[in-house]
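Visitor: What follows is the file model11.cif, containing mmCIF, N, CA and C atoms:
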data_input
#
loop_
_atom_site.label_atom_id
_atom_site.label_comp_id
_atom_site.auth_asym_id
_atom_site.auth_seq_id
_atom_site.Cartn_x
_atom_site.Cartn_y
_atom_site.Cartn_z
N GLN A 1495 -22.62 13.42 7.99
CA GLN A 1495 -21.19 13.41 8.26
C GLN A 1495 -20.81 12.15 9.01
N VAL A 1496 -19.63 11.67 8.71
CA VAL A 1496 -19.08 10.50 9.40
C VAL A 1496 -17.67 10.85 9.87
N GLN A 1497 -17.40 10.52 11.10
CA GLN A 1497 -16.06 10.69 11.65
C GLN A 1497 -15.42 9.32 11.82
N LEU A 1498 -14.18 9.23 11.41
CA LEU A 1498 -13.44 7.97 11.49
C LEU A 1498 -12.25 8.18 12.41
N VAL A 1499 -12.10 7.29 13.37
CA VAL A 1499 -10.99 7.37 14.31
C VAL A 1499 -10.23 6.05 14.28
N GLU A 1500 -8.97 6.14 13.88
CA GLU A 1500 -8.13 4.95 13.83
C GLU A 1500 -7.35 4.79 15.14
N SER A 1501 -7.07 3.55 15.49
CA SER A 1501 -6.27 3.26 16.67
C SER A 1501 -5.51 1.96 16.45
N GLY A 1502 -4.52 1.72 17.31
CA GLY A 1502 -3.80 0.46 17.27
C GLY A 1502 -2.45 0.51 16.59
N GLY A 1503 -2.09 1.64 16.05
CA GLY A 1503 -0.80 1.73 15.38
C GLY A 1503 0.34 1.81 16.37
N GLY A 1504 1.55 1.95 15.84
CA GLY A 1504 2.70 2.08 16.70
C GLY A 1504 3.92 1.43 16.11
N LEU A 1505 4.84 1.10 16.99
CA LEU A 1505 6.12 0.51 16.59
C LEU A 1505 6.09 -0.99 16.86
N VAL A 1506 6.53 -1.76 15.89
CA VAL A 1506 6.58 -3.21 16.03
C VAL A 1506 7.84 -3.71 15.35
N GLN A 1507 8.35 -4.82 15.83
CA GLN A 1507 9.56 -5.38 15.22
C GLN A 1507 9.22 -6.22 13.99
N THR A 1508 10.20 -6.37 13.14
CA THR A 1508 10.02 -7.21 11.95
C THR A 1508 9.53 -8.59 12.36
N GLY A 1509 8.54 -9.05 11.65
CA GLY A 1509 7.95 -10.35 11.95
C GLY A 1509 6.80 -10.30 12.93
N GLY A 1510 6.59 -9.14 13.52
CA GLY A 1510 5.53 -9.00 14.50
C GLY A 1510 4.17 -8.76 13.88
N SER A 1511 3.20 -8.52 14.74
CA SER A 1511 1.81 -8.33 14.33
C SER A 1511 1.22 -7.10 14.99
N LEU A 1512 0.25 -6.53 14.32
CA LEU A 1512 -0.53 -5.42 14.87
C LEU A 1512 -1.96 -5.55 14.39
N THR A 1513 -2.87 -5.04 15.17
CA THR A 1513 -4.26 -4.93 14.73
C THR A 1513 -4.69 -3.48 14.80
N LEU A 1514 -5.07 -2.94 13.66
CA LEU A 1514 -5.61 -1.60 13.60
C LEU A 1514 -7.13 -1.63 13.73
N SER A 1515 -7.65 -0.61 14.35
CA SER A 1515 -9.10 -0.48 14.48
C SER A 1515 -9.53 0.88 13.96
N CYS A 1516 -10.73 0.91 13.43
CA CYS A 1516 -11.30 2.17 12.96
C CYS A 1516 -12.76 2.19 13.38
N ALA A 1517 -13.13 3.21 14.10
CA ALA A 1517 -14.50 3.37 14.55
C ALA A 1517 -15.15 4.53 13.82
N ALA A 1518 -16.30 4.27 13.25
CA ALA A 1518 -17.04 5.31 12.54
C ALA A 1518 -18.20 5.78 13.40
N SER A 1519 -18.36 7.07 13.44
CA SER A 1519 -19.49 7.64 14.17
C SER A 1519 -20.08 8.76 13.32
N GLY A 1520 -21.34 9.07 13.57
CA GLY A 1520 -21.96 10.14 12.83
C GLY A 1520 -23.35 9.77 12.36
N SER A 1521 -23.72 10.34 11.24
CA SER A 1521 -25.10 10.26 10.80
C SER A 1521 -25.44 9.02 9.99
N ARG A 1522 -24.45 8.22 9.62
CA ARG A 1522 -24.72 7.02 8.82
C ARG A 1522 -24.89 5.81 9.72
N SER A 1523 -26.04 5.17 9.64
CA SER A 1523 -26.27 4.00 10.49
C SER A 1523 -25.61 2.76 9.92
N SER A 1524 -25.46 2.69 8.63
CA SER A 1524 -24.83 1.53 8.00
C SER A 1524 -23.98 2.01 6.84
N ILE A 1525 -22.71 1.76 6.92
CA ILE A 1525 -21.78 2.25 5.90
C ILE A 1525 -21.55 1.17 4.85
N GLY A 1526 -21.53 1.61 3.59
CA GLY A 1526 -21.40 0.66 2.50
C GLY A 1526 -20.11 -0.13 2.54
N THR A 1527 -19.01 0.56 2.36
CA THR A 1527 -17.71 -0.09 2.34
C THR A 1527 -16.77 0.62 3.29
N MET A 1528 -16.03 -0.17 4.04
CA MET A 1528 -14.97 0.36 4.88
C MET A 1528 -13.67 -0.27 4.43
N ALA A 1529 -12.63 0.54 4.40
CA ALA A 1529 -11.39 0.04 3.83
C ALA A 1529 -10.20 0.66 4.52
N TRP A 1530 -9.08 0.02 4.34
CA TRP A 1530 -7.79 0.52 4.81
C TRP A 1530 -6.90 0.82 3.61
N TYR A 1531 -6.27 1.96 3.68
CA TYR A 1531 -5.25 2.35 2.72
C TYR A 1531 -3.97 2.66 3.50
N ARG A 1532 -2.88 2.77 2.77
CA ARG A 1532 -1.65 3.17 3.44
C ARG A 1532 -0.81 4.02 2.49
N GLN A 1533 0.02 4.84 3.10
CA GLN A 1533 0.91 5.70 2.34
C GLN A 1533 2.27 5.71 3.00
N ALA A 1534 3.24 5.18 2.29
CA ALA A 1534 4.61 5.20 2.77
C ALA A 1534 5.30 6.48 2.33
N PRO A 1535 6.35 6.87 3.01
CA PRO A 1535 7.05 8.10 2.64
C PRO A 1535 7.50 8.08 1.19
N GLY A 1536 7.15 9.14 0.47
CA GLY A 1536 7.55 9.26 -0.92
C GLY A 1536 6.76 8.42 -1.90
N LYS A 1537 5.71 7.76 -1.41
CA LYS A 1537 4.92 6.90 -2.28
C LYS A 1537 3.47 7.35 -2.29
N GLU A 1538 2.73 6.87 -3.28
CA GLU A 1538 1.31 7.20 -3.36
C GLU A 1538 0.51 6.34 -2.38
N ARG A 1539 -0.64 6.85 -2.03
CA ARG A 1539 -1.53 6.09 -1.17
C ARG A 1539 -2.04 4.88 -1.94
N GLU A 1540 -2.09 3.73 -1.27
CA GLU A 1540 -2.51 2.51 -1.92
C GLU A 1540 -3.54 1.77 -1.08
N LEU A 1541 -4.38 1.03 -1.76
CA LEU A 1541 -5.36 0.20 -1.08
C LEU A 1541 -4.66 -0.97 -0.37
N VAL A 1542 -5.09 -1.22 0.86
CA VAL A 1542 -4.65 -2.41 1.57
C VAL A 1542 -5.73 -3.48 1.48
N ALA A 1543 -6.93 -3.12 1.95
CA ALA A 1543 -8.05 -4.07 1.93
C ALA A 1543 -9.35 -3.32 2.16
N GLY A 1544 -10.43 -3.88 1.67
CA GLY A 1544 -11.74 -3.29 1.87
C GLY A 1544 -12.76 -4.36 2.20
N ILE A 1545 -13.84 -3.96 2.86
CA ILE A 1545 -14.90 -4.90 3.21
C ILE A 1545 -16.23 -4.20 3.10
N HIS A 1546 -17.15 -4.83 2.36
CA HIS A 1546 -18.48 -4.28 2.19
C HIS A 1546 -19.36 -4.68 3.36
N ARG A 1547 -20.48 -3.99 3.49
CA ARG A 1547 -21.38 -4.31 4.59
C ARG A 1547 -21.91 -5.74 4.50
N ASP A 1548 -21.93 -6.32 3.28
CA ASP A 1548 -22.43 -7.69 3.15
C ASP A 1548 -21.34 -8.73 3.39
N GLY A 1549 -20.12 -8.25 3.72
CA GLY A 1549 -19.04 -9.16 4.08
C GLY A 1549 -18.03 -9.41 3.00
N ASP A 1550 -18.33 -9.02 1.78
CA ASP A 1550 -17.36 -9.23 0.69
C ASP A 1550 -16.09 -8.42 0.96
N THR A 1551 -14.96 -9.06 0.75
CA THR A 1551 -13.68 -8.42 0.98
C THR A 1551 -12.84 -8.37 -0.29
N ASN A 1552 -11.91 -7.44 -0.33
CA ASN A 1552 -10.91 -7.42 -1.39
C ASN A 1552 -9.60 -6.94 -0.80
N TYR A 1553 -8.53 -7.49 -1.32
CA TYR A 1553 -7.20 -7.19 -0.82
C TYR A 1553 -6.27 -6.80 -1.96
N ALA A 1554 -5.32 -5.95 -1.65
CA ALA A 1554 -4.23 -5.74 -2.58
C ALA A 1554 -3.46 -7.05 -2.66
N PRO A 1555 -3.04 -7.46 -3.83
CA PRO A 1555 -2.38 -8.77 -3.98
C PRO A 1555 -1.22 -8.98 -3.02
N SER A 1556 -0.45 -7.94 -2.76
CA SER A 1556 0.73 -8.10 -1.91
C SER A 1556 0.38 -8.26 -0.43
N MET A 1557 -0.85 -7.93 -0.06
CA MET A 1557 -1.26 -8.01 1.34
C MET A 1557 -2.01 -9.31 1.64
N LYS A 1558 -2.58 -9.90 0.61
CA LYS A 1558 -3.41 -11.07 0.85
C LYS A 1558 -2.58 -12.19 1.45
N GLY A 1559 -3.12 -12.79 2.50
CA GLY A 1559 -2.41 -13.86 3.18
C GLY A 1559 -1.72 -13.40 4.45
N ARG A 1560 -1.30 -12.14 4.48
CA ARG A 1560 -0.67 -11.61 5.69
C ARG A 1560 -1.62 -10.72 6.47
N PHE A 1561 -2.50 -10.02 5.75
CA PHE A 1561 -3.42 -9.08 6.37
C PHE A 1561 -4.85 -9.62 6.30
N THR A 1562 -5.61 -9.36 7.34
CA THR A 1562 -7.01 -9.78 7.36
C THR A 1562 -7.87 -8.61 7.79
N ILE A 1563 -8.85 -8.29 6.98
CA ILE A 1563 -9.79 -7.24 7.32
C ILE A 1563 -11.07 -7.86 7.84
N SER A 1564 -11.64 -7.24 8.85
CA SER A 1564 -12.91 -7.71 9.39
C SER A 1564 -13.72 -6.50 9.83
N ARG A 1565 -14.98 -6.79 10.12
CA ARG A 1565 -15.87 -5.67 10.38
C ARG A 1565 -16.94 -6.06 11.38
N ASP A 1566 -17.24 -5.12 12.25
CA ASP A 1566 -18.37 -5.25 13.16
C ASP A 1566 -19.45 -4.33 12.60
N GLY A 1567 -20.35 -4.90 11.79
CA GLY A 1567 -21.32 -4.10 11.08
C GLY A 1567 -22.15 -3.18 11.93
N PRO A 1568 -22.83 -3.73 12.95
CA PRO A 1568 -23.71 -2.87 13.76
C PRO A 1568 -22.98 -1.71 14.40
N LYS A 1569 -21.70 -1.89 14.67
CA LYS A 1569 -20.93 -0.82 15.32
C LYS A 1569 -20.16 0.03 14.32
N ASN A 1570 -20.25 -0.32 13.03
CA ASN A 1570 -19.49 0.40 12.02
C ASN A 1570 -18.04 0.53 12.40
N GLN A 1571 -17.47 -0.60 12.80
CA GLN A 1571 -16.05 -0.65 13.11
C GLN A 1571 -15.37 -1.64 12.17
N VAL A 1572 -14.17 -1.30 11.78
CA VAL A 1572 -13.40 -2.16 10.90
C VAL A 1572 -12.03 -2.38 11.51
N TYR A 1573 -11.51 -3.59 11.29
CA TYR A 1573 -10.24 -3.96 11.86
C TYR A 1573 -9.31 -4.47 10.76
N LEU A 1574 -8.03 -4.30 11.01
CA LEU A 1574 -7.03 -4.84 10.09
C LEU A 1574 -5.97 -5.56 10.91
N ARG A 1575 -5.97 -6.87 10.78
CA ARG A 1575 -4.96 -7.68 11.44
C ARG A 1575 -3.80 -7.83 10.49
N MET A 1576 -2.61 -7.44 10.95
CA MET A 1576 -1.42 -7.48 10.10
C MET A 1576 -0.39 -8.41 10.73
N ASN A 1577 0.01 -9.41 9.99
CA ASN A 1577 0.98 -10.38 10.47
C ASN A 1577 2.25 -10.33 9.63
N SER A 1578 3.31 -10.88 10.17
CA SER A 1578 4.58 -11.00 9.46
C SER A 1578 5.02 -9.66 8.87
N LEU A 1579 4.99 -8.66 9.70
CA LEU A 1579 5.29 -7.31 9.24
C LEU A 1579 6.77 -7.15 8.90
N THR A 1580 7.00 -6.36 7.88
CA THR A 1580 8.37 -6.03 7.47
C THR A 1580 8.51 -4.51 7.37
N ALA A 1581 9.72 -4.07 7.16
CA ALA A 1581 9.97 -2.63 7.05
C ALA A 1581 9.16 -2.02 5.90
N ALA A 1582 8.87 -2.82 4.89
CA ALA A 1582 8.10 -2.32 3.74
C ALA A 1582 6.66 -1.99 4.11
N ASP A 1583 6.22 -2.44 5.27
CA ASP A 1583 4.86 -2.14 5.72
C ASP A 1583 4.80 -0.85 6.51
N THR A 1584 5.93 -0.23 6.75
CA THR A 1584 5.96 1.05 7.44
C THR A 1584 5.24 2.10 6.62
N ALA A 1585 4.25 2.73 7.21
CA ALA A 1585 3.43 3.70 6.48
C ALA A 1585 2.43 4.33 7.44
N VAL A 1586 1.77 5.34 6.94
CA VAL A 1586 0.58 5.86 7.62
C VAL A 1586 -0.61 5.10 7.05
N TYR A 1587 -1.41 4.53 7.93
CA TYR A 1587 -2.57 3.74 7.51
C TYR A 1587 -3.83 4.57 7.72
N TYR A 1588 -4.66 4.59 6.70
CA TYR A 1588 -5.87 5.40 6.70
C TYR A 1588 -7.11 4.51 6.60
N CYS A 1589 -8.11 4.88 7.34
CA CYS A 1589 -9.41 4.24 7.25
C CYS A 1589 -10.29 5.07 6.31
N ARG A 1590 -11.06 4.37 5.52
CA ARG A 1590 -11.97 5.04 4.58
C ARG A 1590 -13.34 4.41 4.68
N ALA A 1591 -14.38 5.24 4.64
CA ALA A 1591 -15.77 4.77 4.62
C ALA A 1591 -16.45 5.43 3.44
N TYR A 1592 -17.03 4.63 2.56
CA TYR A 1592 -17.57 5.24 1.34
C TYR A 1592 -18.71 4.42 0.75
N SER A 1593 -19.47 5.10 -0.05
CA SER A 1593 -20.48 4.49 -0.88
C SER A 1593 -20.63 5.38 -2.11
N TRP A 1594 -21.72 5.21 -2.86
CA TRP A 1594 -21.83 5.99 -4.09
C TRP A 1594 -22.03 7.47 -3.83
N ASP A 1595 -22.52 7.81 -2.64
CA ASP A 1595 -22.86 9.22 -2.38
C ASP A 1595 -22.08 9.85 -1.24
N TYR A 1596 -21.08 9.17 -0.73
CA TYR A 1596 -20.26 9.77 0.31
C TYR A 1596 -18.90 9.08 0.35
N ASP A 1597 -17.96 9.80 0.92
CA ASP A 1597 -16.59 9.31 0.95
C ASP A 1597 -15.86 10.02 2.08
N TYR A 1598 -15.51 9.29 3.13
CA TYR A 1598 -14.88 9.87 4.29
C TYR A 1598 -13.55 9.16 4.58
N TRP A 1599 -12.62 9.95 5.11
CA TRP A 1599 -11.30 9.42 5.45
C TRP A 1599 -10.96 9.76 6.90
N GLY A 1600 -10.24 8.87 7.53
CA GLY A 1600 -9.71 9.17 8.84
C GLY A 1600 -8.43 9.98 8.72
N GLN A 1601 -7.90 10.36 9.86
CA GLN A 1601 -6.69 11.19 9.89
C GLN A 1601 -5.43 10.38 9.62
N GLY A 1602 -5.52 9.10 9.80
CA GLY A 1602 -4.36 8.25 9.58
C GLY A 1602 -3.65 7.92 10.88
N ILE A 1603 -2.98 6.77 10.87
CA ILE A 1603 -2.24 6.34 12.05
C ILE A 1603 -0.93 5.72 11.59
N GLN A 1604 0.13 6.03 12.30
CA GLN A 1604 1.45 5.58 11.90
C GLN A 1604 1.70 4.14 12.35
N VAL A 1605 2.23 3.36 11.44
CA VAL A 1605 2.75 2.02 11.74
C VAL A 1605 4.21 2.01 11.31
N THR A 1606 5.07 1.70 12.25
CA THR A 1606 6.50 1.64 11.97
C THR A 1606 7.03 0.25 12.32
N VAL A 1607 7.66 -0.38 11.35
CA VAL A 1607 8.22 -1.71 11.56
C VAL A 1607 9.74 -1.57 11.60
N SER A 1608 10.32 -1.94 12.71
CA SER A 1608 11.76 -1.80 12.87
C SER A 1608 12.47 -3.11 12.61
N SER A 1609 13.61 -3.02 12.03
CA SER A 1609 14.38 -4.24 11.71
C SER A 1609 15.35 -4.57 12.84
#
If you took the structure in this file and wrote it as structure tokens, what would it be?
Guide:
Amino acid sequence: QVQLVESGGGLVQTGGSLTLSCAASGSRSSIGTMAWYRQAPGKERELVAGIHRDGDTNYAPSMKGRFTISRDGPKNQVYLRMNSLTAADTAVYYCRAYSWDYDYWGQGIQVTVSS
């Protein structure tokens, strides 16, 4: 079992920045891929960015350039730096840890961008 705890969300003004953190704990010493997803009201959950244990990253096209994902491998922590935030970035952000044989999600954390 893996538990994921997100932190760093909250209210920010348009154009501002936030850094989300996700800490994984449990029975997995090294997690394959850690990723961030988000779900805005009335919309489907979508990928924001992911990072493999070997450092390879992938981003949703609309996030690339504004968002940066990073990872502290030994600590199984993942971060999401978000810059130039707009109201369209308002959503619940979820951390995910997965590989071919497991798939865990955090509870989610609210990010609200006010205009």
Visitor: Applied to the shown file, which residues does the PyMOL selection byres ((chain A and resi 1509) around 7) return, written as a ChimeraX atom specification?
Guide: /A:1506-1508,1510-1511,1577-1581
Visitor: Since I can't run it myself right now, could you work out what the PyMOL selection byres ((chain A and resi 1547-1562) around 7) selects here and report it as a compact mmCIF listing (two decimals) with N, CA and C atoms, in the frame of the given file?
Guide:
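Dumped to part_17.txt:
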# COMPACT_ATOMS: atom_id res chain seq x y z
N ILE A 1525 -22.71 1.76 6.92
CA ILE A 1525 -21.78 2.25 5.90
C ILE A 1525 -21.55 1.17 4.85
N GLY A 1526 -21.53 1.61 3.59
CA GLY A 1526 -21.40 0.66 2.50
C GLY A 1526 -20.11 -0.13 2.54
N THR A 1527 -19.01 0.56 2.36
CA THR A 1527 -17.71 -0.09 2.34
C THR A 1527 -16.77 0.62 3.29
N MET A 1528 -16.03 -0.17 4.04
CA MET A 1528 -14.97 0.36 4.88
C MET A 1528 -13.67 -0.27 4.43
N LEU A 1541 -4.38 1.03 -1.76
CA LEU A 1541 -5.36 0.20 -1.08
C LEU A 1541 -4.66 -0.97 -0.37
N VAL A 1542 -5.09 -1.22 0.86
CA VAL A 1542 -4.65 -2.41 1.57
C VAL A 1542 -5.73 -3.48 1.48
N ALA A 1543 -6.93 -3.12 1.95
CA ALA A 1543 -8.05 -4.07 1.93
C ALA A 1543 -9.35 -3.32 2.16
N GLY A 1544 -10.43 -3.88 1.67
CA GLY A 1544 -11.74 -3.29 1.87
C GLY A 1544 -12.76 -4.36 2.20
N ILE A 1545 -13.84 -3.96 2.86
CA ILE A 1545 -14.90 -4.90 3.21
C ILE A 1545 -16.23 -4.20 3.10
N HIS A 1546 -17.15 -4.83 2.36
CA HIS A 1546 -18.48 -4.28 2.19
C HIS A 1546 -19.36 -4.68 3.36
N ILE A 1563 -8.85 -8.29 6.98
CA ILE A 1563 -9.79 -7.24 7.32
C ILE A 1563 -11.07 -7.86 7.84
N SER A 1564 -11.64 -7.24 8.85
CA SER A 1564 -12.91 -7.71 9.39
C SER A 1564 -13.72 -6.50 9.83
N GLY A 1567 -20.35 -4.90 11.79
CA GLY A 1567 -21.32 -4.10 11.08
C GLY A 1567 -22.15 -3.18 11.93
N TYR A 1573 -11.51 -3.59 11.29
CA TYR A 1573 -10.24 -3.96 11.86
C TYR A 1573 -9.31 -4.47 10.76
N LEU A 1574 -8.03 -4.30 11.01
CA LEU A 1574 -7.03 -4.84 10.09
C LEU A 1574 -5.97 -5.56 10.91
N ARG A 1575 -5.97 -6.87 10.78
CA ARG A 1575 -4.96 -7.68 11.44
C ARG A 1575 -3.80 -7.83 10.49
N MET A 1576 -2.61 -7.44 10.95
CA MET A 1576 -1.42 -7.48 10.10
C MET A 1576 -0.39 -8.41 10.73
N ASN A 1577 0.01 -9.41 9.99
CA ASN A 1577 0.98 -10.38 10.47
C ASN A 1577 2.25 -10.33 9.63
N SER A 1578 3.31 -10.88 10.17
CA SER A 1578 4.58 -11.00 9.46
C SER A 1578 5.02 -9.66 8.87
Visitor: Report as a ChimeraX atom specification: the residues of chain A with a DSSP assignment of helix (DSSP H, G or I), based on the backbone of this structure.
Guide: /A:1567-1569,1581-1583
Visitor: Show me the residues close to (-3.5, 9.4, 10.2) - anything with an atom within 8 Å, counting all atoms listed in the file - and format the list as a PDB file with N, CA and C atoms, keeping the file's coordinate frame.
Guide:
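File result_20.pdb, as written:
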ATOM      1  N   GLU A1500      -8.970   6.140  13.880  1.00  0.00           N
ATOM      2  CA  GLU A1500      -8.130   4.950  13.830  1.00  0.00           C
ATOM      3  C   GLU A1500      -7.350   4.790  15.140  1.00  0.00           C
ATOM      4  N   VAL A1586       1.770   5.340   6.940  1.00  0.00           N
ATOM      5  CA  VAL A1586       0.580   5.860   7.620  1.00  0.00           C
ATOM      6  C   VAL A1586      -0.610   5.100   7.050  1.00  0.00           C
ATOM      7  N   TYR A1587      -1.410   4.530   7.930  1.00  0.00           N
ATOM      8  CA  TYR A1587      -2.570   3.740   7.510  1.00  0.00           C
ATOM      9  C   TYR A1587      -3.830   4.570   7.720  1.00  0.00           C
ATOM     10  N   TYR A1588      -4.660   4.590   6.700  1.00  0.00           N
ATOM     11  CA  TYR A1588      -5.870   5.400   6.700  1.00  0.00           C
ATOM     12  C   TYR A1588      -7.110   4.510   6.600  1.00  0.00           C
ATOM     13  N   CYS A1589      -8.110   4.880   7.340  1.00  0.00           N
ATOM     14  CA  CYS A1589      -9.410   4.240   7.250  1.00  0.00           C
ATOM     15  C   CYS A1589     -10.290   5.070   6.310  1.00  0.00           C
ATOM     16  N   GLY A1600     -10.240   8.870   7.530  1.00  0.00           N
ATOM     17  CA  GLY A1600      -9.710   9.170   8.840  1.00  0.00           C
ATOM     18  C   GLY A1600      -8.430   9.980   8.720  1.00  0.00           C
ATOM     19  N   GLN A1601      -7.900  10.360   9.860  1.00  0.00           N
ATOM     20  CA  GLN A1601      -6.690  11.190   9.890  1.00  0.00           C
ATOM     21  C   GLN A1601      -5.430  10.380   9.620  1.00  0.00           C
ATOM     22  N   GLY A1602      -5.520   9.100   9.800  1.00  0.00           N
ATOM     23  CA  GLY A1602      -4.360   8.250   9.580  1.00  0.00           C
ATOM     24  C   GLY A1602      -3.650   7.920  10.880  1.00  0.00           C
ATOM     25  N   ILE A1603      -2.980   6.770  10.870  1.00  0.00           N
ATOM     26  CA  ILE A1603      -2.240   6.340  12.050  1.00  0.00           C
ATOM     27  C   ILE A1603      -0.930   5.720  11.590  1.00  0.00           C
ATOM     28  N   GLN A1604       0.130   6.030  12.300  1.00  0.00           N
ATOM     29  CA  GLN A1604       1.450   5.580  11.900  1.00  0.00           C
ATOM     30  C   GLN A1604       1.700   4.140  12.350  1.00  0.00           C
TER      31      GLN A1604
END
Visitor: With only C-alpha atoms as the basis for distance, which of A:Gln1571, A:Ser1501, A:Gln1533, A:Ser1609 is at the shortest distance from Ser1519 (chain A)?
Guide: A:Gln1571
Visitor: Could you state the separation of CA of Ala1585 (chain A) and CA of Ala1517 (chain A) in Å, given to one decimal place?
Guide: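 Separation between CA of Ala1585 (chain A) and CA of Ala1517 (chain A): 19.7 Å.
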Visitor: For the file shown, what are the residues hit by the PyMOL selection byres (((chain A and resi 1502 and name CA) around 9) and name CA), laid out as a list in words?
Guide: Glu1500, Ser1501, Gly1503, Gly1504, Leu1512, Thr1513, Leu1514, Ser1515, Cys1516, Ile1603 and Val1605 of chain A
Visitor: Report, in Å with one decimal, the straight-line distance from atom N of Val1607 (chain A) to atom N of Asp1583 (chain A).
Guide: 6.6 Å
Visitor: Please indicate the distance in Å from atom C of Val1499 (chain A) to atom C of Ser1608 (chain A), rounded to one decimal place.
Guide: 24.5 Å
Visitor: Can you work out which one of A:Gln1495, A:Thr1606, A:Gly1536, A:Lys1569 has the shortest atom-to-atom distance to Gly1520 (chain A), counting only C-alpha atoms?
Guide: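 Closest residue, counting only C-alpha atoms: A:Gln1495.
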Visitor: Identify which of the residues A:Ala1591, A:Ala1582, A:Val1572, A:Val1496 lies closest to Ser1521 (chain A), counting all atoms listed in the file when measuring atom-to-atom distances.
Guide: A:Val1496
Visitor: As a VMD selection string, list the residues of region 1506-1576 of chain A assigned to strand (DSSP E) by DSSP on the backbone atoms of this structure.
Guide: chain A and resid 1506 to 1507 1512 to 1520 1527 to 1533 1540 to 1546 1551 to 1553 1561 to 1566 1571 to 1576
Visitor: Give me region 1503-1514 of chain A with N, CA, C and O atoms filled in, as a PDB file, keeping the file's coordinate frame.
Guide:
ATOM      1  N   GLY A1503      -2.090   1.640  16.050  1.00  0.00           N
ATOM      2  CA  GLY A1503      -0.800   1.730  15.380  1.00  0.00           C
ATOM      3  C   GLY A1503       0.340   1.810  16.370  1.00  0.00           C
ATOM      4  O   GLY A1503       0.141   1.775  17.584  1.00  0.00           O
ATOM      5  N   GLY A1504       1.550   1.950  15.840  1.00  0.00           N
ATOM      6  CA  GLY A1504       2.700   2.080  16.700  1.00  0.00           C
ATOM      7  C   GLY A1504       3.920   1.430  16.110  1.00  0.00           C
ATOM      8  O   GLY A1504       4.021   1.219  14.904  1.00  0.00           O
ATOM      9  N   LEU A1505       4.840   1.100  16.990  1.00  0.00           N
ATOM     10  CA  LEU A1505       6.120   0.510  16.590  1.00  0.00           C
ATOM     11  C   LEU A1505       6.090  -0.990  16.860  1.00  0.00           C
ATOM     12  O   LEU A1505       5.685  -1.417  17.950  1.00  0.00           O
ATOM     13  N   VAL A1506       6.530  -1.760  15.890  1.00  0.00           N
ATOM     14  CA  VAL A1506       6.580  -3.210  16.030  1.00  0.00           C
ATOM     15  C   VAL A1506       7.840  -3.710  15.350  1.00  0.00           C
ATOM     16  O   VAL A1506       8.324  -3.107  14.394  1.00  0.00           O
ATOM     17  N   GLN A1507       8.350  -4.820  15.830  1.00  0.00           N
ATOM     18  CA  GLN A1507       9.560  -5.380  15.220  1.00  0.00           C
ATOM     19  C   GLN A1507       9.220  -6.220  13.990  1.00  0.00           C
ATOM     20  O   GLN A1507       8.092  -6.709  13.848  1.00  0.00           O
ATOM     21  N   THR A1508      10.200  -6.370  13.140  1.00  0.00           N
ATOM     22  CA  THR A1508      10.020  -7.210  11.950  1.00  0.00           C
ATOM     23  C   THR A1508       9.530  -8.590  12.360  1.00  0.00           C
ATOM     24  O   THR A1508      10.064  -9.193  13.297  1.00  0.00           O
ATOM     25  N   GLY A1509       8.540  -9.050  11.650  1.00  0.00           N
ATOM     26  CA  GLY A1509       7.950 -10.350  11.950  1.00  0.00           C
ATOM     27  C   GLY A1509       6.800 -10.300  12.930  1.00  0.00           C
ATOM     28  O   GLY A1509       6.109 -11.300  13.141  1.00  0.00           O
ATOM     29  N   GLY A1510       6.590  -9.140  13.520  1.00  0.00           N
ATOM     30  CA  GLY A1510       5.530  -9.000  14.500  1.00  0.00           C
ATOM     31  C   GLY A1510       4.170  -8.760  13.880  1.00  0.00           C
ATOM     32  O   GLY A1510       3.999  -8.770  12.654  1.00  0.00           O
ATOM     33  N   SER A1511       3.200  -8.520  14.740  1.00  0.00           N
ATOM     34  CA  SER A1511       1.810  -8.330  14.330  1.00  0.00           C
ATOM     35  C   SER A1511       1.220  -7.100  14.990  1.00  0.00           C
ATOM     36  O   SER A1511       1.654  -6.699  16.077  1.00  0.00           O
ATOM     37  N   LEU A1512       0.250  -6.530  14.320  1.00  0.00           N
ATOM     38  CA  LEU A1512      -0.530  -5.420  14.870  1.00  0.00           C
ATOM     39  C   LEU A1512      -1.960  -5.550  14.390  1.00  0.00           C
ATOM     40  O   LEU A1512      -2.196  -6.094  13.287  1.00  0.00           O
ATOM     41  N   THR A1513      -2.870  -5.040  15.170  1.00  0.00           N
ATOM     42  CA  THR A1513      -4.260  -4.930  14.730  1.00  0.00           C
ATOM     43  C   THR A1513      -4.690  -3.480  14.800  1.00  0.00           C
ATOM     44  O   THR A1513      -4.628  -2.863  15.863  1.00  0.00           O
ATOM     45  N   LEU A1514      -5.070  -2.940  13.660  1.00  0.00           N
ATOM     46  CA  LEU A1514      -5.610  -1.600  13.600  1.00  0.00           C
ATOM     47  C   LEU A1514      -7.130  -1.630  13.730  1.00  0.00           C
ATOM     48  O   LEU A1514      -7.769  -2.569  13.246  1.00  0.00           O
TER      49      LEU A1514
END
